[in-house]
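Next comes query_19.tsv, with TSV, C-alpha atoms.
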chain	number	residue	atom	x	y	z
A	1	TYR	CA	-4.55	-9.11	-18.29
A	2	ASP	CA	-1.84	-9.47	-15.68
A	3	MET	CA	-2.51	-7.31	-12.60
A	4	SER	CA	0.49	-6.57	-10.40
A	5	ALA	CA	-0.81	-3.40	-8.70
A	6	THR	CA	-4.01	-1.53	-7.94
A	7	SER	CA	-3.02	1.36	-10.24
A	8	SER	CA	-3.46	1.28	-14.01
A	9	ALA	CA	0.32	1.06	-14.40
A	10	GLY	CA	0.16	-2.45	-12.94
A	11	VAL	CA	-2.32	-3.71	-15.54
A	12	SER	CA	-0.81	-5.16	-18.72
A	13	ALA	CA	-2.02	-7.49	-21.43
A	14	MET	CA	-0.89	-11.11	-21.17
A	15	SER	CA	1.30	-12.59	-23.89
A	16	SER	CA	-0.42	-13.71	-27.10
A	17	SER	CA	-0.09	-17.38	-26.07
A	18	LYS	CA	-2.32	-16.70	-23.06
A	19	GLN	CA	-5.00	-14.77	-24.96
A	20	THR	CA	-7.45	-17.68	-24.89
A	21	LEU	CA	-10.79	-15.91	-24.48
A	22	ALA	CA	-13.13	-16.50	-27.43
A	23	GLY	CA	-16.14	-14.54	-28.62
A	24	ALA	CA	-15.43	-11.69	-26.20
A	25	SER	CA	-17.78	-8.70	-26.43
A	26	VAL	CA	-18.94	-5.82	-24.23
A	27	THR	CA	-22.25	-4.01	-24.66
A	28	GLN	CA	-23.69	-1.14	-22.64
A	29	ALA	CA	-27.36	-0.15	-22.68
A	30	ASP	CA	-29.87	1.33	-20.22
A	31	GLY	CA	-27.30	1.46	-17.42
A	32	TRP	CA	-26.25	-2.18	-17.83
A	33	THR	CA	-22.86	-3.48	-18.93
A	34	THR	CA	-22.92	-6.98	-20.39
A	35	VAL	CA	-19.65	-8.89	-20.85
A	36	THR	CA	-19.81	-12.07	-22.91
A	37	PHE	CA	-16.95	-14.52	-23.53
A	38	GLU	CA	-15.94	-18.15	-23.68
A	39	LYS	CA	-13.08	-19.37	-21.47
A	40	LEU	CA	-11.16	-22.61	-21.09
A	41	LEU	CA	-12.00	-24.27	-17.79
A	42	VAL	CA	-8.42	-25.39	-17.12
A	43	GLU	CA	-5.34	-23.35	-18.09
A	44	ASP	CA	-1.73	-23.44	-16.96
A	45	GLY	CA	-0.94	-20.96	-14.22
A	46	GLU	CA	-4.61	-20.14	-13.53
A	47	ILE	CA	-7.20	-21.33	-11.02
A	48	ALA	CA	-9.23	-24.11	-12.64
A	49	ILE	CA	-12.97	-23.63	-13.09
A	50	ALA	CA	-14.74	-26.77	-11.87
A	51	ARG	CA	-18.22	-28.19	-12.16
A	52	GLY	CA	-20.32	-27.08	-9.21
A	53	VAL	CA	-19.61	-24.04	-7.03
A	54	ASN	CA	-16.85	-21.63	-8.09
A	55	LYS	CA	-15.81	-18.37	-6.48
A	56	PHE	CA	-15.25	-15.29	-8.63
A	57	ILE	CA	-14.43	-11.66	-7.89
A	58	TRP	CA	-15.90	-8.66	-9.65
A	59	ALA	CA	-15.02	-4.96	-9.79
A	60	VAL	CA	-16.62	-1.92	-11.41
A	61	GLY	CA	-15.13	1.50	-12.07
A	62	ASN	CA	-16.68	4.95	-12.39
A	63	ASN	CA	-16.22	5.02	-16.16
A	64	ASN	CA	-14.82	3.01	-19.06
A	65	ALA	CA	-11.21	4.14	-18.61
A	66	LYS	CA	-8.59	1.66	-17.43
A	67	ALA	CA	-8.32	2.71	-13.79
A	68	TYR	CA	-8.78	1.55	-10.21
A	69	HIS	CA	-12.24	0.02	-9.56
A	70	PRO	CA	-13.68	1.33	-6.25
A	71	PHE	CA	-16.73	-0.97	-6.33
A	72	ARG	CA	-15.93	-4.65	-5.96
A	73	GLY	CA	-17.15	-7.86	-4.44
A	74	GLY	CA	-17.25	-11.65	-4.53
A	75	LEU	CA	-19.51	-14.11	-6.30
A	76	SER	CA	-20.18	-17.79	-5.61
A	77	LEU	CA	-21.65	-19.41	-8.72
A	78	ASP	CA	-22.80	-23.00	-9.15
A	79	LEU	CA	-22.11	-23.72	-12.82
A	80	GLU	CA	-24.31	-26.83	-12.75
A	81	SER	CA	-27.46	-25.20	-11.37
A	82	CYS	CA	-26.51	-21.57	-12.26
A	83	SER	CA	-27.52	-20.47	-8.75
A	84	ALA	CA	-25.42	-17.71	-7.26
A	85	SER	CA	-24.81	-15.68	-4.12
A	86	VAL	CA	-23.20	-12.27	-4.20
A	87	LYS	CA	-21.23	-10.39	-1.55
A	88	THR	CA	-20.46	-6.70	-1.91
A	89	LEU	CA	-17.11	-5.83	-0.34
A	90	LYS	CA	-16.95	-2.83	1.96
A	91	PRO	CA	-14.45	-0.26	0.63
A	92	VAL	CA	-12.09	1.80	2.78
A	93	SER	CA	-13.90	4.83	4.21
A	94	ARG	CA	-13.34	7.85	1.99
A	95	LYS	CA	-13.67	10.11	5.03
A	96	GLY	CA	-10.96	8.12	6.78
A	97	VAL	CA	-8.63	8.47	3.80
A	98	ILE	CA	-9.29	12.23	3.60
A	99	ALA	CA	-8.73	12.70	7.35
A	100	HIS	CA	-5.49	10.69	7.09
A	101	GLY	CA	-4.30	12.86	4.21
A	102	ILE	CA	-5.18	16.15	5.90
A	103	LEU	CA	-3.51	15.28	9.21
A	104	THR	CA	-0.31	13.89	7.69
A	105	ILE	CA	-0.01	16.83	5.29
A	106	VAL	CA	-0.52	19.27	8.17
A	107	ALA	CA	2.17	17.41	10.13
A	108	TRP	CA	4.79	17.09	7.39
A	109	ALA	CA	4.08	20.03	5.09
A	110	TRP	CA	3.35	22.67	7.73
A	111	LEU	CA	4.36	21.79	11.30
A	112	ILE	CA	7.66	20.02	10.59
A	113	PRO	CA	8.92	22.82	8.27
A	114	SER	CA	7.86	25.37	10.93
A	115	GLY	CA	9.97	23.58	13.52
A	116	ILE	CA	12.90	23.49	11.10
A	117	VAL	CA	12.57	27.24	10.49
A	118	ALA	CA	12.73	27.85	14.25
A	119	ALA	CA	16.05	25.99	14.37
A	120	VAL	CA	17.42	27.82	11.33
A	121	LEU	CA	16.46	31.22	12.81
A	122	LYS	CA	17.66	30.43	16.33
A	123	LYS	CA	19.98	33.45	16.47
A	124	LEU	CA	17.06	35.72	15.60
A	125	ILE	CA	14.56	34.00	17.91
A	126	GLY	CA	16.90	33.62	20.87
A	127	SER	CA	16.99	30.91	23.51
A	128	ALA	CA	13.29	30.14	23.06
A	129	TRP	CA	14.01	28.50	19.69
A	130	ILE	CA	14.79	25.10	21.23
A	131	LYS	CA	11.43	24.92	23.04
A	132	ILE	CA	9.59	25.98	19.88
A	133	HIS	CA	11.52	23.46	17.80
A	134	MET	CA	10.94	20.55	20.18
A	135	ARG	CA	7.27	21.24	20.86
A	136	VAL	CA	6.38	21.77	17.21
A	137	GLN	CA	8.24	18.65	16.04
A	138	CYS	CA	6.76	16.47	18.79
A	139	GLY	CA	3.31	17.91	18.06
A	140	ALA	CA	3.75	17.16	14.36
A	141	PHE	CA	4.73	13.59	15.14
A	142	LEU	CA	1.61	13.10	17.29
A	143	VAL	CA	-0.63	14.59	14.58
A	144	ALA	CA	0.90	12.19	12.03
A	145	VAL	CA	0.37	9.25	14.42
A	146	VAL	CA	-3.33	10.16	14.74
A	147	GLY	CA	-3.60	10.38	10.94
A	148	ILE	CA	-2.01	6.94	10.55
A	149	ALA	CA	-4.25	5.45	13.26
A	150	ILE	CA	-7.33	6.74	11.44
A	151	VAL	CA	-6.43	5.11	8.13
A	152	ILE	CA	-5.42	1.83	9.82
A	153	ALA	CA	-8.83	1.77	11.51
A	154	ALA	CA	-10.53	2.56	8.19
A	155	VAL	CA	-8.75	-0.32	6.45
A	156	ALA	CA	-9.54	-2.68	9.34
A	157	ASP	CA	-13.23	-1.74	9.05
A	158	SER	CA	-13.26	-2.60	5.33
A	159	ASP	CA	-12.76	-5.66	3.15
A	160	ALA	CA	-9.59	-4.19	1.66
A	161	GLY	CA	-7.40	-6.97	3.06
A	162	LYS	CA	-3.79	-6.16	3.89
A	163	HIS	CA	-2.92	-2.84	5.52
A	164	PHE	CA	0.55	-2.21	4.16
A	165	THR	CA	0.63	-2.80	0.41
A	166	GLY	CA	2.36	-0.59	-2.13
A	167	SER	CA	5.08	2.04	-1.82
A	168	HIS	CA	3.01	4.63	0.08
A	169	PRO	CA	2.71	2.79	3.42
A	170	VAL	CA	6.32	1.59	3.15
A	171	PHE	CA	7.52	5.19	2.75
A	172	GLY	CA	5.23	6.19	5.64
A	173	ILE	CA	6.62	3.56	8.00
A	174	VAL	CA	10.22	4.50	7.15
A	175	VAL	CA	9.66	8.23	7.67
A	176	MET	CA	7.84	7.73	10.98
A	177	VAL	CA	10.59	5.43	12.31
A	178	ILE	CA	13.25	8.00	11.36
A	179	ALA	CA	11.20	10.78	12.97
A	180	MET	CA	10.70	8.80	16.18
A	181	LEU	CA	14.41	8.00	16.46
A	182	ASN	CA	15.35	11.60	15.70
A	183	ILE	CA	13.02	12.90	18.41
A	184	ALA	CA	14.47	10.41	20.88
A	185	ALA	CA	18.00	11.44	19.88
A	186	GLY	CA	17.08	15.09	20.42
A	187	ALA	CA	15.74	14.34	23.89
A	188	LEU	CA	18.91	12.40	24.81
A	189	ARG	CA	21.34	14.73	23.05
A	190	PRO	CA	24.81	15.17	24.58
A	191	HIS	CA	25.41	18.61	26.08
A	192	ASN	CA	28.40	20.90	25.82
A	193	THR	CA	31.02	20.71	28.55
A	194	ASP	CA	30.75	24.33	29.74
A	195	ALA	CA	27.43	26.18	29.88
A	196	GLU	CA	29.16	29.53	30.34
A	197	HIS	CA	31.60	29.07	27.44
A	198	PRO	CA	30.15	26.23	25.35
A	199	VAL	CA	32.71	23.97	23.77
A	200	LYS	CA	31.25	21.34	21.50
A	201	THR	CA	32.39	17.84	22.32
A	202	ALA	CA	32.91	15.22	19.60
A	203	ALA	CA	29.67	13.54	20.69
A	204	ARG	CA	27.81	16.86	20.41
A	205	LYS	CA	29.19	17.50	16.94
A	206	ALA	CA	28.24	13.99	15.85
A	207	PHE	CA	24.73	14.44	17.24
A	208	GLU	CA	24.16	17.77	15.50
A	209	GLY	CA	25.36	16.42	12.15
A	210	GLY	CA	23.32	13.24	12.45
A	211	HIS	CA	20.23	15.08	13.72
A	212	ARG	CA	20.27	17.47	10.76
A	213	ALA	CA	20.92	14.68	8.24
A	214	ALA	CA	18.13	12.52	9.65
A	215	GLY	CA	15.76	15.49	9.55
A	216	VAL	CA	16.56	16.20	5.91
A	217	ILE	CA	16.20	12.52	4.96
A	218	ALA	CA	12.89	12.23	6.84
A	219	PHE	CA	11.50	15.37	5.21
A	220	ALA	CA	12.55	14.17	1.74
A	221	ILE	CA	10.92	10.77	2.25
A	222	ALA	CA	7.83	12.48	3.70
A	223	THR	CA	7.55	14.54	0.51
A	224	LEU	CA	7.64	11.33	-1.56
A	225	THR	CA	5.09	9.76	0.79
A	226	ILE	CA	2.70	12.68	0.41
A	227	ALA	CA	3.05	12.61	-3.38
A	228	SER	CA	2.48	8.84	-3.56
A	229	GLY	CA	-0.48	9.16	-1.20
A	230	ILE	CA	-2.11	11.85	-3.35
A	231	ASN	CA	-1.58	9.73	-6.47
A	232	ARG	CA	-3.04	6.70	-4.69
A	233	ALA	CA	-6.06	8.64	-3.44
A	234	PHE	CA	-6.90	9.95	-6.91
A	235	ALA	CA	-6.29	6.51	-8.44
A	236	ASP	CA	-8.73	5.02	-5.93

In structure tokens, what does this structure look like?
Amino acid sequence: YDMSATSSAGVSAMSSSKQTLAGASVTQADGWTTVTFEKLLVEDGEIAIARGVNKFIWAVGNNNAKAYHPFRGGLSLDLESCSASVKTLKPVSRKGVIAHGILTIVAWAWLIPSGIVAAVLKKLIGSAWIKIHMRVQCGAFLVAVVGIAIVIAAVADSDAGKHFTGSHPVFGIVVMVIAMLNIAAGALRPHNTDAEHPVKTAARKAFEGGHRAAGVIAFAIATLTIASGINRAFAD
């Protein structure tokens, strides 16, 4: 199989010319899975298997379905003496992933929309709307930052390898950058020329249009990020 992703969608059978395994069989009995096959030691486009010590990786899933394997490790095997050493890889903390998901969902599916509602209902709320809007949005950003820090720490404490692989972290980085810039723009927003009789300047109009657009874009990307994160969590 070719494996281009950790999800089952990234696993596809190689072309018929590369199907070189012989005598392949799988048996399961008494809690043991035995895989038997013959393989060419040297093949084009693959790591050659040499006499002496070779390094292999292994992975086991929760069932027989084609899905992400949460249990995995490495194996050093001496093919001349058949002596081996095994290392079990430490997975990403499930608690860390759950905490990350809860905090980022609270930030982007509850707090951010609440801040948006305060801005939409500003005529009903009165002058206090701007303080509510700013505090809720800044609070949401900080909650999301904590959630991201937790999952980065969880990955660093595991043998998972790279932090930012797949679409989910890419979406997350983009949405957090947009949010940070939008908060900064809100703090540095241009004011109207006359507090008594507000007249919107061109800069103010440009800010309001850009601020709203950036907020909508960030929320849309955040929705995609949450969806991809949920899919990734269940796939894992």

message = List as a list in words the residues having at least one atom at most 12 Å from position (-14.1, -1.4, -11.4) as given in the file, counting all atoms listed in the file.
response = Thr6, Ser7, Ser8, Thr33, Ile57, Trp58, Ala59, Val60, Gly61, Asn62, Asn63, Asn64, Ala65, Lys66, Ala67, Tyr68, His69, Pro70, Phe71, Arg72, Gly73, Ala235 and Asp236 of chain A

task = Skip Ile112 of chain A itself and residues of its chain fewer than 3 positions away, then list as a ChimeraX atom specification all residues within 12 Å of it, counting only C-alpha atoms.
result = /A:104-109,115-119,132-144,179,183,215-216,218-220,222-223

Could you work out an axis-aligned bounding box for all listed atoms of segment 2-13 of chain A, with 6 Å added on each of the six sides, and give its centre and edge lengths in Å to one decimal, as JSON?
{"center_x": -1.8, "center_y": -4.1, "center_z": -14.7, "size_x": 16.5, "size_y": 22.8, "size_z": 25.5}

Phe37 of chain A environment, 12 Å, all atoms listed in the file, sequence neighbours closer than 5 positions dropped, as number ranges by chain = A: 20-27

Interatomic distance (Å, one decimal) between atom CA of Cys82 of chain A and atom CA of Arg51 of chain A = 10.6 Å

note = Judged by only C-alpha atoms, the minimum distance to Val177 of chain A among A:Gly209, A:Ala214, A:Val120, A:Val146 is found for A:Ala214

query = Which one of A:Ala213, A:Val42, A:Ser167, A:Ala233 sits closest to Val92 of chain A if you count all atoms listed in the file?
reply =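 So, comparing all the options, the nearest one is A:Ala233.
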
request  = Measure the distance from atom CA of His191 of chain A to atom CA of Ile221 of chain A in Å and round it to one decimal.
outcome  =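 Separation between atom CA of His191 of chain A and atom CA of Ile221 of chain A: 29.0 Å.
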
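Atom CA of Gly10 of chain A sits 26.4 Å away from atom CA of Ala153 of chain A.
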
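Distances to Gly229 of chain A were evaluated for A:Ile173, A:Val97, A:Thr201, A:Ala184 using only C-alpha atoms, and the minimum falls at A:Val97.
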
inquiry  = I'd like to know which of A:Glu46, A:Phe56, A:Ala29, A:Ile178 is closest to Asp2 of chain A, using only C-alpha atoms.
reply    =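 Under the stated criterion, the closest residue is A:Glu46.
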
In the coordinate frame of the file, compute which residues have an atom within 10 Å of (-18.5, -24.7, -3.7) when using only C-alpha atoms, and state them as a PDB file with C-alpha atoms, in the frame of the given file.
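Final output, point_19.pdb:
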ATOM      1  CA  ALA A  50     -14.740 -26.770 -11.870  1.00  0.00           C
ATOM      2  CA  ARG A  51     -18.220 -28.190 -12.160  1.00  0.00           C
ATOM      3  CA  GLY A  52     -20.320 -27.080  -9.210  1.00  0.00           C
ATOM      4  CA  VAL A  53     -19.610 -24.040  -7.030  1.00  0.00           C
ATOM      5  CA  ASN A  54     -16.850 -21.630  -8.090  1.00  0.00           C
ATOM      6  CA  LYS A  55     -15.810 -18.370  -6.480  1.00  0.00           C
ATOM      7  CA  SER A  76     -20.180 -17.790  -5.610  1.00  0.00           C
ATOM      8  CA  LEU A  77     -21.650 -19.410  -8.720  1.00  0.00           C
ATOM      9  CA  ASP A  78     -22.800 -23.000  -9.150  1.00  0.00           C
ATOM     10  CA  LEU A  79     -22.110 -23.720 -12.820  1.00  0.00           C
TER      11      LEU A  79
END

ask   = Which of these residues is nearest to Pro91 of chain A, using all atoms listed in the file: A:Ala160, A:Thr34, A:Lys39, A:Ile152?
value =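 Of the candidates, the smallest distance to Pro91 of chain A is held by A:Ala160.
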
Using all atoms listed in the file, determine which residues lie at most 12 Å from Leu188 of chain A, disregarding the query and same-chain residues fewer than 2 positions distant; provide the list as an mmCIF file with C-alpha atoms, in the frame of the given file.
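Saved the output as out-v6.cif:
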data_model
loop_
_atom_site.group_PDB
_atom_site.id
_atom_site.type_symbol
_atom_site.label_atom_id
_atom_site.label_comp_id
_atom_site.auth_asym_id
_atom_site.auth_seq_id
_atom_site.Cartn_x
_atom_site.Cartn_y
_atom_site.Cartn_z
ATOM 1 C CA LEU A 181 14.410 8.000 16.460
ATOM 2 C CA ASN A 182 15.350 11.600 15.700
ATOM 3 C CA ILE A 183 13.020 12.900 18.410
ATOM 4 C CA ALA A 184 14.470 10.410 20.880
ATOM 5 C CA ALA A 185 18.000 11.440 19.880
ATOM 6 C CA GLY A 186 17.080 15.090 20.420
ATOM 7 C CA PRO A 190 24.810 15.170 24.580
ATOM 8 C CA HIS A 191 25.410 18.610 26.080
ATOM 9 C CA ALA A 203 29.670 13.540 20.690
ATOM 10 C CA ARG A 204 27.810 16.860 20.410
ATOM 11 C CA PHE A 207 24.730 14.440 17.240
ATOM 12 C CA GLU A 208 24.160 17.770 15.500
ATOM 13 C CA HIS A 211 20.230 15.080 13.720
#

remark   = Among A:Ser127, A:Asn192, A:Thr165, A:Thr36, Arg232 of chain A is approached most closely, using only C-alpha atoms, by A:Thr165
